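Listing of model_33.csv, CSV, C-alpha atoms and all ligand atoms
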chain,number,residue,atom,x,y,z
A,225,MET,CA,-22.2,-23.3,6.7
A,226,THR,CA,-18.4,-23.8,6.8
A,227,THR,CA,-16.9,-23.8,10.2
A,228,LEU,CA,-13.7,-22.0,11.3
A,229,ARG,CA,-12.5,-25.0,13.3
A,230,PRO,CA,-11.4,-28.0,11.3
A,231,THR,CA,-13.7,-31.0,11.8
A,232,ALA,CA,-11.3,-33.5,10.3
A,233,ALA,CA,-7.6,-33.4,11.1
A,234,LYS,CA,-6.6,-32.0,7.8
A,235,ALA,CA,-4.0,-29.2,7.8
A,236,ARG,CA,-4.3,-26.5,5.1
A,237,GLY,CA,-2.2,-23.8,3.7
A,238,ALA,CA,0.7,-25.5,1.9
A,239,ILE,CA,2.6,-22.7,0.0
A,240,GLU,CA,5.0,-22.9,-2.8
A,241,PHE,CA,7.0,-20.1,-4.4
A,242,ALA,CA,8.6,-21.3,-7.6
A,243,ALA,CA,11.3,-19.0,-9.0
A,244,VAL,CA,9.4,-15.9,-7.9
A,245,THR,CA,11.0,-12.5,-8.8
A,246,LYS,CA,9.5,-9.1,-8.0
A,247,ARG,CA,11.1,-6.2,-9.7
A,248,PHE,CA,9.6,-2.8,-9.0
A,249,THR,CA,9.5,-0.1,-11.6
A,250,GLY,CA,12.7,1.8,-11.2
A,251,GLY,CA,14.6,-1.5,-11.1
A,252,ALA,CA,14.6,-2.5,-7.4
A,253,VAL,CA,14.6,-6.3,-7.2
A,254,ALA,CA,12.7,-6.9,-3.9
A,255,VAL,CA,12.4,-10.7,-4.3
A,256,ASP,CA,15.0,-12.5,-6.3
A,257,ALA,CA,14.2,-15.9,-7.8
A,258,LEU,CA,12.6,-17.1,-4.6
A,259,ASP,CA,12.0,-20.8,-4.2
A,260,LEU,CA,10.2,-21.6,-1.0
A,261,ARG,CA,8.0,-24.5,0.2
A,262,ILE,CA,5.9,-24.1,3.4
A,263,ALA,CA,4.2,-27.2,4.7
A,264,ALA,CA,0.4,-27.1,5.4
A,265,GLY,CA,-0.4,-26.2,9.0
A,266,SER,CA,2.9,-24.7,9.8
A,267,TYR,CA,3.9,-21.5,11.5
A,268,VAL,CA,6.5,-19.7,9.4
A,269,CYS,CA,8.4,-16.6,10.3
A,270,LEU,CA,10.0,-14.5,7.5
A,271,LEU,CA,12.9,-12.8,9.2
A,272,GLY,CA,15.6,-10.4,8.0
A,273,PRO,CA,16.9,-6.9,8.1
A,274,SER,CA,15.0,-3.9,6.7
A,275,GLY,CA,14.6,-4.0,3.0
A,276,CYS,CA,15.3,-7.7,2.5
A,277,GLY,CA,12.0,-8.4,0.9
A,278,LYS,CA,9.9,-9.9,3.7
A,279,THR,CA,6.8,-7.6,3.2
A,280,THR,CA,7.0,-8.0,-0.5
A,281,THR,CA,6.9,-11.8,-0.2
A,282,LEU,CA,3.9,-11.5,2.0
A,283,ARG,CA,2.1,-9.1,-0.3
A,284,LEU,CA,2.9,-11.4,-3.3
A,285,LEU,CA,1.1,-14.2,-1.4
A,286,ALA,CA,-1.8,-11.9,-0.5
A,287,GLY,CA,-2.2,-10.7,-4.1
A,288,HIS,CA,-1.4,-7.1,-3.2
A,289,GLU,CA,1.6,-7.4,-5.6
A,290,LEU,CA,2.0,-9.5,-8.7
A,291,PRO,CA,5.3,-11.3,-9.4
A,292,THR,CA,7.4,-10.2,-12.3
A,293,THR,CA,8.1,-13.8,-13.0
A,294,GLY,CA,7.4,-17.1,-11.3
A,295,ASP,CA,4.5,-19.0,-9.8
A,296,ILE,CA,2.9,-19.1,-6.4
A,297,LEU,CA,0.7,-22.1,-5.3
A,298,LEU,CA,-1.6,-22.4,-2.3
A,299,ASP,CA,-2.6,-26.0,-1.6
A,300,ASN,CA,-1.4,-26.9,-5.1
A,301,VAL,CA,-3.6,-24.2,-6.8
A,302,PRO,CA,-1.8,-21.5,-8.7
A,303,ILE,CA,-3.0,-18.2,-7.2
A,304,VAL,CA,-1.1,-15.5,-9.1
A,305,GLY,CA,-4.1,-14.8,-11.4
A,306,LEU,CA,-6.6,-14.7,-8.6
A,307,PRO,CA,-7.8,-11.5,-6.8
A,308,PRO,CA,-6.8,-11.2,-3.1
A,309,ALA,CA,-10.3,-12.2,-1.8
A,310,ARG,CA,-10.4,-15.5,-3.8
A,311,ARG,CA,-6.9,-16.8,-2.9
A,312,GLY,CA,-7.7,-18.4,0.4
A,313,THR,CA,-5.4,-16.0,2.2
A,314,ALA,CA,-6.2,-13.4,4.8
A,315,MET,CA,-4.1,-10.6,6.2
A,316,MET,CA,-4.1,-9.8,9.9
A,317,PHE,CA,-3.6,-6.0,10.2
A,318,GLN,CA,-2.5,-4.2,13.3
A,319,SER,CA,-5.3,-3.7,15.9
A,320,TYR,CA,-5.3,0.0,15.3
A,321,ALA,CA,-6.7,-0.7,11.8
A,322,LEU,CA,-10.0,-1.7,13.3
A,323,PHE,CA,-12.8,0.7,12.3
A,324,PRO,CA,-13.4,2.9,15.4
A,325,HIS,CA,-17.1,3.6,14.6
A,326,LEU,CA,-18.1,0.0,14.0
A,327,SER,CA,-18.9,-2.5,16.8
A,328,VAL,CA,-16.6,-5.5,17.3
A,329,LEU,CA,-19.2,-7.7,15.6
A,330,ASP,CA,-19.4,-5.4,12.5
A,331,ASN,CA,-15.7,-5.0,12.4
A,332,VAL,CA,-15.3,-8.8,12.2
A,333,ALA,CA,-18.2,-9.2,9.7
A,334,PHE,CA,-16.9,-6.4,7.5
A,335,SER,CA,-15.0,-8.4,4.9
A,336,LEU,CA,-18.1,-10.8,4.6
A,337,ARG,CA,-20.3,-7.7,4.0
A,338,MET,CA,-17.9,-6.6,1.2
A,339,ARG,CA,-18.3,-10.0,-0.3
A,340,GLY,CA,-22.0,-9.7,-0.4
A,341,VAL,CA,-22.7,-12.3,2.4
A,342,GLY,CA,-26.2,-11.7,3.9
A,343,LYS,CA,-26.6,-10.3,7.4
A,344,VAL,CA,-27.7,-13.4,9.2
A,345,GLU,CA,-24.9,-15.5,7.8
A,346,ARG,CA,-22.2,-12.9,8.3
A,347,HIS,CA,-23.2,-12.3,11.8
A,348,ALA,CA,-23.3,-16.0,12.6
A,349,LYS,CA,-19.8,-16.3,11.2
A,350,ALA,CA,-18.5,-13.2,13.0
A,351,HIS,CA,-19.9,-14.6,16.3
A,352,GLU,CA,-18.1,-17.9,15.6
A,353,ALA,CA,-14.8,-16.1,14.9
A,354,LEU,CA,-15.2,-14.1,18.0
A,355,ARG,CA,-16.0,-17.2,20.1
A,356,LEU,CA,-12.8,-18.7,18.7
A,357,VAL,CA,-10.7,-15.9,20.1
A,358,GLU,CA,-12.9,-15.7,23.3
A,359,MET,CA,-14.2,-12.3,22.5
A,360,ASP,CA,-17.9,-13.0,21.7
A,361,THR,CA,-19.1,-11.4,24.9
A,362,TYR,CA,-17.6,-8.1,23.7
A,363,SER,CA,-19.4,-8.1,20.3
A,364,ALA,CA,-21.5,-5.0,20.9
A,365,ARG,CA,-18.5,-2.8,22.1
A,366,LEU,CA,-16.6,-0.3,20.1
A,367,PRO,CA,-12.8,-0.9,19.6
A,368,ALA,CA,-11.9,2.0,21.9
A,369,GLN,CA,-13.7,0.2,24.8
A,370,LEU,CA,-11.3,-2.7,24.6
A,371,SER,CA,-7.8,-3.3,26.0
A,372,GLY,CA,-4.9,-3.5,23.5
A,373,GLY,CA,-4.8,-7.3,23.8
A,374,GLN,CA,-8.5,-7.6,23.2
A,375,GLN,CA,-8.3,-5.4,20.1
A,376,GLN,CA,-5.6,-7.6,18.8
A,377,ARG,CA,-7.8,-10.6,19.2
A,378,VAL,CA,-10.6,-8.8,17.4
A,379,ALA,CA,-8.2,-8.1,14.6
A,380,LEU,CA,-7.4,-11.8,14.5
A,381,ALA,CA,-11.1,-12.7,14.4
A,382,ARG,CA,-11.6,-10.3,11.6
A,383,ALA,CA,-8.9,-12.0,9.5
A,384,LEU,CA,-10.1,-15.5,10.4
A,385,VAL,CA,-13.8,-14.9,9.5
A,386,THR,CA,-13.2,-15.7,5.9
A,387,ASN,CA,-11.9,-19.2,6.8
A,388,PRO,CA,-8.5,-18.8,5.1
A,389,ALA,CA,-6.0,-21.6,4.4
A,390,THR,CA,-3.2,-19.3,5.4
A,391,LEU,CA,-3.1,-16.3,7.6
A,392,LEU,CA,-0.6,-13.5,6.8
A,393,LEU,CA,0.7,-11.3,9.6
A,394,ASP,CA,3.0,-8.3,9.1
A,395,GLU,CA,4.7,-7.3,12.3
A,396,PRO,CA,1.5,-8.1,14.3
A,397,LEU,CA,3.1,-7.6,17.7
A,398,SER,CA,5.3,-4.5,17.1
A,399,ALA,CA,2.8,-2.0,18.6
A,400,LEU,CA,2.3,-3.9,21.8
A,401,ASP,CA,4.1,-3.4,25.1
A,402,PRO,CA,6.5,-6.3,26.1
A,403,PHE,CA,4.1,-7.9,28.5
A,404,LEU,CA,1.2,-8.0,26.1
A,405,ARG,CA,3.5,-9.0,23.2
A,406,GLY,CA,4.4,-12.2,25.1
A,407,ARG,CA,0.7,-13.0,25.8
A,408,VAL,CA,-0.5,-12.3,22.3
A,409,ARG,CA,2.5,-14.3,20.9
A,410,ALA,CA,1.4,-17.4,22.9
A,411,GLU,CA,-2.2,-16.9,21.7
A,412,LEU,CA,-1.2,-16.7,18.1
A,413,LYS,CA,0.7,-20.0,18.4
A,414,ARG,CA,-2.3,-21.7,20.1
A,415,PHE,CA,-4.8,-20.5,17.5
A,416,GLN,CA,-2.5,-21.6,14.7
A,417,ARG,CA,-2.3,-25.1,16.2
A,418,GLU,CA,-6.0,-25.3,16.7
A,419,LEU,CA,-6.9,-24.1,13.2
A,420,GLN,CA,-4.3,-26.3,11.4
A,421,ILE,CA,-3.8,-23.6,8.8
A,422,SER,CA,-0.4,-22.0,8.0
A,423,PHE,CA,0.6,-18.7,9.5
A,424,VAL,CA,3.2,-16.6,7.6
A,425,HIS,CA,4.5,-14.0,10.0
A,426,VAL,CA,6.9,-11.2,9.0
A,427,THR,CA,9.1,-9.9,11.8
A,428,HIS,CA,12.3,-8.1,12.5
A,429,SER,CA,12.6,-9.8,15.8
A,430,GLN,CA,14.9,-12.9,16.1
A,431,ASP,CA,13.3,-13.7,19.5
A,432,GLU,CA,9.8,-13.6,18.1
A,433,ALA,CA,10.8,-15.9,15.2
A,434,LEU,CA,12.6,-18.4,17.5
A,435,ALA,CA,9.7,-18.5,19.9
A,436,LEU,CA,6.9,-18.9,17.3
A,437,ALA,CA,8.0,-20.6,14.2
A,438,ASP,CA,8.1,-24.2,13.2
A,439,HIS,CA,10.1,-22.9,10.2
A,440,VAL,CA,12.3,-19.8,10.1
A,441,VAL,CA,13.1,-18.2,6.7
A,442,LEU,CA,16.0,-15.7,7.1
A,443,MET,CA,16.1,-13.4,4.0
A,444,ARG,CA,18.8,-11.2,2.7
A,445,ALA,CA,18.6,-9.0,-0.4
A,446,GLY,CA,15.5,-10.7,-1.8
A,447,ARG,CA,16.9,-14.2,-1.3
A,448,ILE,CA,16.8,-16.9,1.4
A,449,GLU,CA,20.1,-16.9,3.3
A,450,GLN,CA,19.1,-19.8,5.5
A,451,GLN,CA,15.9,-21.6,6.5
A,452,GLY,CA,15.1,-24.3,9.0
A,453,THR,CA,13.8,-25.0,12.4
A,454,PRO,CA,14.6,-22.3,15.0
A,455,GLU,CA,17.2,-24.7,16.6
A,456,GLU,CA,18.9,-25.2,13.2
A,457,ILE,CA,19.0,-21.5,12.4
A,458,PHE,CA,20.3,-20.5,15.8
A,459,ASP,CA,22.6,-23.4,16.5
A,460,ARG,CA,23.9,-24.1,13.0
A,461,PRO,CA,24.3,-20.7,11.3
A,462,ARG,CA,25.5,-21.3,7.8
A,463,THR,CA,27.1,-17.9,7.2
A,464,ALA,CA,28.5,-15.0,9.2
A,465,PHE,CA,25.5,-13.0,8.2
A,466,VAL,CA,23.2,-15.5,9.9
A,467,ALA,CA,25.3,-15.8,13.0
A,468,ARG,CA,25.4,-12.0,13.4
A,469,PHE,CA,21.8,-11.4,12.5
A,470,MET,CA,20.5,-14.1,14.9
A,471,GLY,CA,22.8,-12.7,17.6
A,472,GLY,CA,24.1,-14.6,20.6
A,473,HIS,CA,27.2,-15.6,18.6
A,474,ASN,CA,30.7,-14.4,18.0
A,475,VAL,CA,32.3,-14.6,14.6
A,476,PHE,CA,36.0,-15.3,14.7
A,477,ALA,CA,38.5,-15.3,11.8
A,478,ARG,CA,40.9,-18.2,11.8
A,479,PRO,CA,44.5,-17.7,10.6
A,480,ASP,CA,43.7,-19.3,7.2
A,481,GLY,CA,40.9,-16.7,6.7
A,482,SER,CA,38.0,-19.0,7.3
A,483,LEU,CA,35.3,-17.9,9.7
A,484,ILE,CA,33.7,-19.7,12.6
A,485,ALA,CA,30.9,-18.9,14.9
A,486,VAL,CA,30.9,-19.6,18.6
A,487,ARG,CA,27.9,-18.9,20.9
A,488,SER,CA,28.4,-16.0,23.3
A,489,ASN,CA,27.5,-18.3,26.2
A,490,ARG,CA,30.2,-20.8,25.0
A,491,THR,CA,32.9,-18.2,24.6
A,492,HIS,CA,35.1,-18.1,27.6
A,493,ILE,CA,37.4,-15.5,29.1
A,494,ALA,CA,40.7,-17.3,29.4
A,495,ASP,CA,44.5,-17.0,29.8
A,496,HIS,CA,45.3,-17.8,26.2
A,497,GLY,CA,43.4,-17.4,22.9
A,498,GLN,CA,42.1,-14.6,20.9
A,499,PRO,CA,43.2,-11.2,22.4
A,500,ALA,CA,40.4,-8.7,23.2
A,501,THR,CA,39.8,-5.7,25.3
A,502,VAL,CA,36.7,-5.4,27.6
A,503,THR,CA,34.6,-2.5,26.6
A,504,GLY,CA,31.5,-3.0,28.8
A,505,VAL,CA,29.9,-5.2,31.5
A,506,GLU,CA,26.2,-5.2,31.7
A,507,TYR,CA,23.9,-7.0,34.2
A,508,THR,CA,21.2,-8.9,32.2
A,509,GLY,CA,19.2,-10.3,35.0
A,510,THR,CA,20.1,-13.8,34.2
A,511,GLY,CA,23.8,-13.1,34.3
A,512,PHE,CA,26.3,-10.6,32.8
A,513,GLY,CA,26.9,-9.6,29.2
A,514,VAL,CA,30.5,-8.6,28.6
A,515,THR,CA,31.3,-6.7,25.4
A,516,LEU,CA,34.8,-6.7,23.9
A,517,ALA,CA,36.7,-5.2,21.0
A,518,GLY,CA,39.2,-7.3,19.0
A,519,SER,CA,42.3,-6.1,17.4
A,520,GLY,CA,40.5,-4.8,14.2
A,521,ALA,CA,36.9,-3.6,14.0
A,522,GLU,CA,35.5,-6.9,15.4
A,523,GLU,CA,33.3,-6.8,18.5
A,524,PHE,CA,32.5,-9.8,20.7
A,525,THR,CA,30.1,-10.6,23.5
A,526,VAL,CA,30.5,-13.1,26.3
A,527,ALA,CA,27.6,-14.2,28.3
A,528,LEU,CA,28.7,-15.0,31.9
A,529,THR,CA,26.8,-16.4,34.8
A,530,GLU,CA,27.0,-14.3,38.0
A,531,ALA,CA,29.2,-17.0,39.6
A,532,ALA,CA,31.6,-16.9,36.6
A,533,LEU,CA,31.9,-13.2,36.7
A,534,HIS,CA,32.5,-13.1,40.4
A,535,ALA,CA,35.1,-15.9,40.2
A,536,ARG,CA,37.0,-14.0,37.5
A,537,PRO,CA,36.0,-10.3,37.6
A,538,VAL,CA,36.5,-8.2,34.5
A,539,ALA,CA,36.1,-4.4,34.0
A,540,PRO,CA,36.2,-2.1,31.0
A,541,GLY,CA,39.8,-1.6,29.8
A,542,ASP,CA,41.0,-5.1,30.8
A,543,ALA,CA,43.1,-6.9,28.2
A,544,VAL,CA,41.9,-10.6,28.1
A,545,HIS,CA,41.8,-13.6,25.9
A,546,LEU,CA,38.8,-15.4,24.4
A,547,ALA,CA,38.7,-19.2,24.1
A,548,TRP,CA,36.2,-21.9,23.2
A,549,ASP,CA,35.9,-25.7,23.1
A,550,GLU,CA,36.3,-27.5,19.8
A,551,ALA,CA,32.8,-28.9,20.1
A,552,ASP,CA,31.3,-25.4,20.1
A,553,ILE,CA,32.9,-24.3,16.8
A,554,ARG,CA,30.4,-23.8,13.9
A,555,PRO,CA,32.4,-23.4,10.7
A,556,LEU,CA,30.9,-20.8,8.4
A,557,ALA,CA,30.6,-21.0,4.6
A,558,ASP,CA,32.1,-17.6,4.0
A,559,SER,CA,35.6,-16.4,4.7
A,560,THR,CA,37.2,-13.0,5.5
A,561,ALA,CA,38.1,-12.9,1.8
A,562,ALA,CA,34.3,-12.7,1.1
A,563,GLY,CA,34.3,-9.2,2.5
A,564,HIS,CA,32.6,-9.8,5.9
B,601,LIG,N1,6.3,-0.2,-4.2
B,601,LIG,C1,7.7,-0.3,-4.3
B,601,LIG,N2,8.3,0.4,-5.3
B,601,LIG,C2,9.7,0.3,-5.4
B,601,LIG,N3,10.5,-0.4,-4.5
B,601,LIG,C3,9.9,-1.0,-3.5
B,601,LIG,C4,8.4,-1.0,-3.3
B,601,LIG,N4,8.1,-1.7,-2.2
B,601,LIG,C5,9.3,-2.2,-1.7
B,601,LIG,N5,10.3,-1.8,-2.5
B,601,LIG,C6,11.8,-2.1,-2.3
B,601,LIG,O1,11.9,-3.5,-2.3
B,601,LIG,C7,12.8,-3.9,-1.3
B,601,LIG,C8,12.2,-4.8,-0.3
B,601,LIG,O2,11.2,-4.1,0.4
B,601,LIG,P1,10.3,-4.9,1.5
B,601,LIG,O3,9.3,-3.9,2.0
B,601,LIG,O4,9.7,-6.1,1.0
B,601,LIG,O5,11.3,-5.2,2.7
B,601,LIG,P2,11.1,-5.6,4.2
B,601,LIG,O6,12.1,-6.7,4.4
B,601,LIG,O7,9.7,-5.9,4.4
B,601,LIG,O8,11.6,-4.3,4.9
B,601,LIG,P3,11.1,-3.7,6.3
B,601,LIG,O9,11.5,-4.7,7.3
B,601,LIG,O10,11.8,-2.4,6.4
B,601,LIG,O11,9.6,-3.6,6.2
B,601,LIG,C9,13.4,-2.6,-0.6
B,601,LIG,O12,14.6,-2.2,-1.2
B,601,LIG,C10,12.3,-1.6,-1.0
B,601,LIG,O13,12.8,-0.3,-1.0
Once more with this new file: its structure as structure tokens, please.
Amino acid sequence: MTTLRPTAAKARGAIEFAAVTKRFTGGAVAVDALDLRIAAGSYVCLLGPSGCGKTTTLRLLAGHELPTTGDILLDNVPIVGLPPARRGTAMMFQSYALFPHLSVLDNVAFSLRMRGVGKVERHAKAHEALRLVEMDTYSARLPAQLSGGQQQRVALARALVTNPATLLLDEPLSALDPFLRGRVRAELKRFQRELQISFVHVTHSQDEALALADHVVLMRAGRIEQQGTPEEIFDRPRTAFVARFMGGHNVFARPDGSLIAVRSNRTHIADHGQPATVTGVEYTGTGFGVTLAGSGAEEFTVALTEAALHARPVAPGDAVHLAWDEADIRPLADSTAAGH
């Protein structure tokens, strides 16, 4: 019997999208000539605004959609011609997708039953998957008799029971309250490390992507706007879109029309510099967030420590200047002429 935990230290789940385009009938191009390589055993977050093609990318990998053109490989095997159950992928659905009338054990064993696996073997594998997520003692319960976090772990066991090389997760944390979200997030990361398979996780949340991913892929209109480690994406935004989407940055236009990004916590309120008017001051718990309006339609934010605000108080309506250090400038590839 195959085991869910790797015996040898061999990572699985290397993914390659080669020039993949998905055009839906009616003409919408959801994924546009996507080239993407994901290393085996890595945690990848697909991030981007609504409609940018994240879910379609995941569904192409799962086999729930077929590409219009291009190839997809999993561990060097072309998978486009394979049905979802034979691809080596598994999708983790929201915990509310558990069958309410089936026990935890039967929920987890369900996909094996669909594949014609005999009762003894499927129960053995379901118990193993439940042990992995520390839920085996609950195997006789119904989903309604579990907490939200426990249901989420059962949903994870249900996806892992087929021993996939890559686990696909579409907004897995969005239905959870903030406390549980943090806990389940930490567990997902731990399971991914232990299993040494790749996780491809679709999210709207910048924080989630930064906290979880080894590799962040930020999409825009069916293409990759920027990809890299969380630090690279956050600290070295390539375009104004990335700086704005990731948040925590201000985008300033220089007199020559070029754009730069400066982190909100490196933007200072000063005597000279870019003129701006304070529009709000909010306590954030770790300090204060000051929002400001520029001369045009621009909006800026400055993150101040409590000490900095008290040393130089500001209030809505104040006319101030914004300044930054040379070392904190991140030049952006686009310019005001590009229409941002
Ligand atoms: N079955 C479909 N038929 C036609 N167009 C579709 C279909 N599914 C998605 N699209 C379109 O493809 C584009 C990408 O959709 P997709 O669901 O991949 O985006 P997303 O980034 O996951 O968005 P969200 O964050 O809102 O879920 C959108 O413009 C969407 O309207």
Could you build a table of the residues in chain A lying no more than 10 Å from ligand LIG 601 (chain B), giving for each the nearest pair of atoms and their separation in Å rounded to one decimal place, using all atoms listed in the file, ordered by chain and ascending residue number, as a Markdown table?
| residue | atom | partner | partner_atom | distance |
| --- | --- | --- | --- | --- |
| A:Lys246 | CA | B:LIG601 | O1 | 8.3 |
| A:Arg247 | CA | B:LIG601 | N3 | 7.8 |
| A:Phe248 | CA | B:LIG601 | C2 | 4.8 |
| A:Thr249 | CA | B:LIG601 | C2 | 6.2 |
| A:Gly250 | CA | B:LIG601 | C2 | 6.7 |
| A:Gly251 | CA | B:LIG601 | C2 | 7.7 |
| A:Ala252 | CA | B:LIG601 | N3 | 5.4 |
| A:Val253 | CA | B:LIG601 | O1 | 6.3 |
| A:Ala254 | CA | B:LIG601 | O1 | 3.8 |
| A:Val255 | CA | B:LIG601 | C8 | 7.1 |
| A:Leu270 | CA | B:LIG601 | O6 | 8.7 |
| A:Leu271 | CA | B:LIG601 | O6 | 7.8 |
| A:Gly272 | CA | B:LIG601 | O6 | 6.2 |
| A:Pro273 | CA | B:LIG601 | O9 | 5.9 |
| A:Ser274 | CA | B:LIG601 | O10 | 3.5 |
| A:Gly275 | CA | B:LIG601 | O5 | 3.5 |
| A:Cys276 | CA | B:LIG601 | O6 | 3.9 |
| A:Gly277 | CA | B:LIG601 | O4 | 3.3 |
| A:Lys278 | CA | B:LIG601 | O6 | 3.9 |
| A:Thr279 | CA | B:LIG601 | O7 | 3.6 |
| A:Thr280 | CA | B:LIG601 | O4 | 3.6 |
| A:Thr281 | CA | B:LIG601 | O4 | 6.5 |
| A:Leu282 | CA | B:LIG601 | O4 | 8.0 |
| A:Arg283 | CA | B:LIG601 | O4 | 8.3 |
| A:Leu284 | CA | B:LIG601 | O4 | 9.6 |
| A:Glu289 | CA | B:LIG601 | N1 | 8.7 |
| A:Asp394 | CA | B:LIG601 | O7 | 8.5 |
| A:Glu395 | CA | B:LIG601 | O11 | 8.7 |
| A:Val426 | CA | B:LIG601 | O7 | 7.6 |
| A:Thr427 | CA | B:LIG601 | O9 | 7.3 |
| A:His428 | CA | B:LIG601 | O9 | 6.3 |
| A:Ser429 | CA | B:LIG601 | O9 | 10.0 |
| A:Met443 | CA | B:LIG601 | O6 | 7.8 |
| A:Arg444 | CA | B:LIG601 | O6 | 8.2 |
| A:Ala445 | CA | B:LIG601 | C8 | 7.7 |
| A:Gly446 | CA | B:LIG601 | C8 | 6.9 |
Could the residues in this selection be written to a file with C-alpha atoms, as a PDB file, keeping the file's coordinate frame?
ATOM      1  CA  LYS A 246       9.500  -9.100  -8.000  1.00  0.00           C
ATOM      2  CA  ARG A 247      11.100  -6.200  -9.700  1.00  0.00           C
ATOM      3  CA  PHE A 248       9.600  -2.800  -9.000  1.00  0.00           C
ATOM      4  CA  THR A 249       9.500  -0.100 -11.600  1.00  0.00           C
ATOM      5  CA  GLY A 250      12.700   1.800 -11.200  1.00  0.00           C
ATOM      6  CA  GLY A 251      14.600  -1.500 -11.100  1.00  0.00           C
ATOM      7  CA  ALA A 252      14.600  -2.500  -7.400  1.00  0.00           C
ATOM      8  CA  VAL A 253      14.600  -6.300  -7.200  1.00  0.00           C
ATOM      9  CA  ALA A 254      12.700  -6.900  -3.900  1.00  0.00           C
ATOM     10  CA  VAL A 255      12.400 -10.700  -4.300  1.00  0.00           C
ATOM     11  CA  LEU A 270      10.000 -14.500   7.500  1.00  0.00           C
ATOM     12  CA  LEU A 271      12.900 -12.800   9.200  1.00  0.00           C
ATOM     13  CA  GLY A 272      15.600 -10.400   8.000  1.00  0.00           C
ATOM     14  CA  PRO A 273      16.900  -6.900   8.100  1.00  0.00           C
ATOM     15  CA  SER A 274      15.000  -3.900   6.700  1.00  0.00           C
ATOM     16  CA  GLY A 275      14.600  -4.000   3.000  1.00  0.00           C
ATOM     17  CA  CYS A 276      15.300  -7.700   2.500  1.00  0.00           C
ATOM     18  CA  GLY A 277      12.000  -8.400   0.900  1.00  0.00           C
ATOM     19  CA  LYS A 278       9.900  -9.900   3.700  1.00  0.00           C
ATOM     20  CA  THR A 279       6.800  -7.600   3.200  1.00  0.00           C
ATOM     21  CA  THR A 280       7.000  -8.000  -0.500  1.00  0.00           C
ATOM     22  CA  THR A 281       6.900 -11.800  -0.200  1.00  0.00           C
ATOM     23  CA  LEU A 282       3.900 -11.500   2.000  1.00  0.00           C
ATOM     24  CA  ARG A 283       2.100  -9.100  -0.300  1.00  0.00           C
ATOM     25  CA  LEU A 284       2.900 -11.400  -3.300  1.00  0.00           C
ATOM     26  CA  GLU A 289       1.600  -7.400  -5.600  1.00  0.00           C
ATOM     27  CA  ASP A 394       3.000  -8.300   9.100  1.00  0.00           C
ATOM     28  CA  GLU A 395       4.700  -7.300  12.300  1.00  0.00           C
ATOM     29  CA  VAL A 426       6.900 -11.200   9.000  1.00  0.00           C
ATOM     30  CA  THR A 427       9.100  -9.900  11.800  1.00  0.00           C
ATOM     31  CA  HIS A 428      12.300  -8.100  12.500  1.00  0.00           C
ATOM     32  CA  SER A 429      12.600  -9.800  15.800  1.00  0.00           C
ATOM     33  CA  MET A 443      16.100 -13.400   4.000  1.00  0.00           C
ATOM     34  CA  ARG A 444      18.800 -11.200   2.700  1.00  0.00           C
ATOM     35  CA  ALA A 445      18.600  -9.000  -0.400  1.00  0.00           C
ATOM     36  CA  GLY A 446      15.500 -10.700  -1.800  1.00  0.00           C
TER      37      GLY A 446
END
Near segment 377-392 of chain A, 10 Å: segment 411-508 of chain A residue rows, closest pairs, all atoms listed in the file, as CSV:
residue,atom,partner,partner_atom,distance
A:Glu411,CA,A:Arg377,CA,8.8
A:Leu412,CA,A:Leu380,CA,8.7
A:Phe415,CA,A:Leu380,CA,9.6
A:Gln416,CA,A:Leu391,CA,8.9
A:Leu419,CA,A:Ala389,CA,9.2
A:Gln420,CA,A:Ala389,CA,8.6
A:Ile421,CA,A:Ala389,CA,5.3
A:Ser422,CA,A:Thr390,CA,4.7
A:Phe423,CA,A:Leu391,CA,4.8
A:Val424,CA,A:Leu392,CA,5.0
A:His425,CA,A:Leu392,CA,6.0
A:Val426,CA,A:Leu392,CA,8.1
For this session: Tell me which of A:Gly541, A:Arg447, A:His351, A:Pro499 sits closest to Glu522 of chain A, counting all atoms listed in the file.
Result: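 Counting all atoms listed in the file, the residue closest to Glu522 of chain A is A:Pro499.
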With a distance cut-off of 12 Å and all atoms listed in the file, select the neighbouring residues of Gly406 of chain A, excluding the residue or stretch itself and same-chain residues fewer than 3 positions from it, and output the selection as a PDB file with C-alpha atoms, keeping the file's coordinate frame.
ATOM      1  CA  GLY A 373      -4.800  -7.300  23.800  1.00  0.00           C
ATOM      2  CA  PRO A 396       1.500  -8.100  14.300  1.00  0.00           C
ATOM      3  CA  LEU A 397       3.100  -7.600  17.700  1.00  0.00           C
ATOM      4  CA  SER A 398       5.300  -4.500  17.100  1.00  0.00           C
ATOM      5  CA  LEU A 400       2.300  -3.900  21.800  1.00  0.00           C
ATOM      6  CA  ASP A 401       4.100  -3.400  25.100  1.00  0.00           C
ATOM      7  CA  PRO A 402       6.500  -6.300  26.100  1.00  0.00           C
ATOM      8  CA  PHE A 403       4.100  -7.900  28.500  1.00  0.00           C
ATOM      9  CA  ARG A 409       2.500 -14.300  20.900  1.00  0.00           C
ATOM     10  CA  ALA A 410       1.400 -17.400  22.900  1.00  0.00           C
ATOM     11  CA  GLU A 411      -2.200 -16.900  21.700  1.00  0.00           C
ATOM     12  CA  LEU A 412      -1.200 -16.700  18.100  1.00  0.00           C
ATOM     13  CA  LYS A 413       0.700 -20.000  18.400  1.00  0.00           C
ATOM     14  CA  ASP A 431      13.300 -13.700  19.500  1.00  0.00           C
ATOM     15  CA  GLU A 432       9.800 -13.600  18.100  1.00  0.00           C
ATOM     16  CA  ALA A 435       9.700 -18.500  19.900  1.00  0.00           C
ATOM     17  CA  LEU A 436       6.900 -18.900  17.300  1.00  0.00           C
TER      18      LEU A 436
END
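Distances here use only C-alpha atoms; by that measure, the residue among A:Val357, A:Ser559, A:Ala535, A:Asp330 closest to Asp480 of chain A is A:Ser559.
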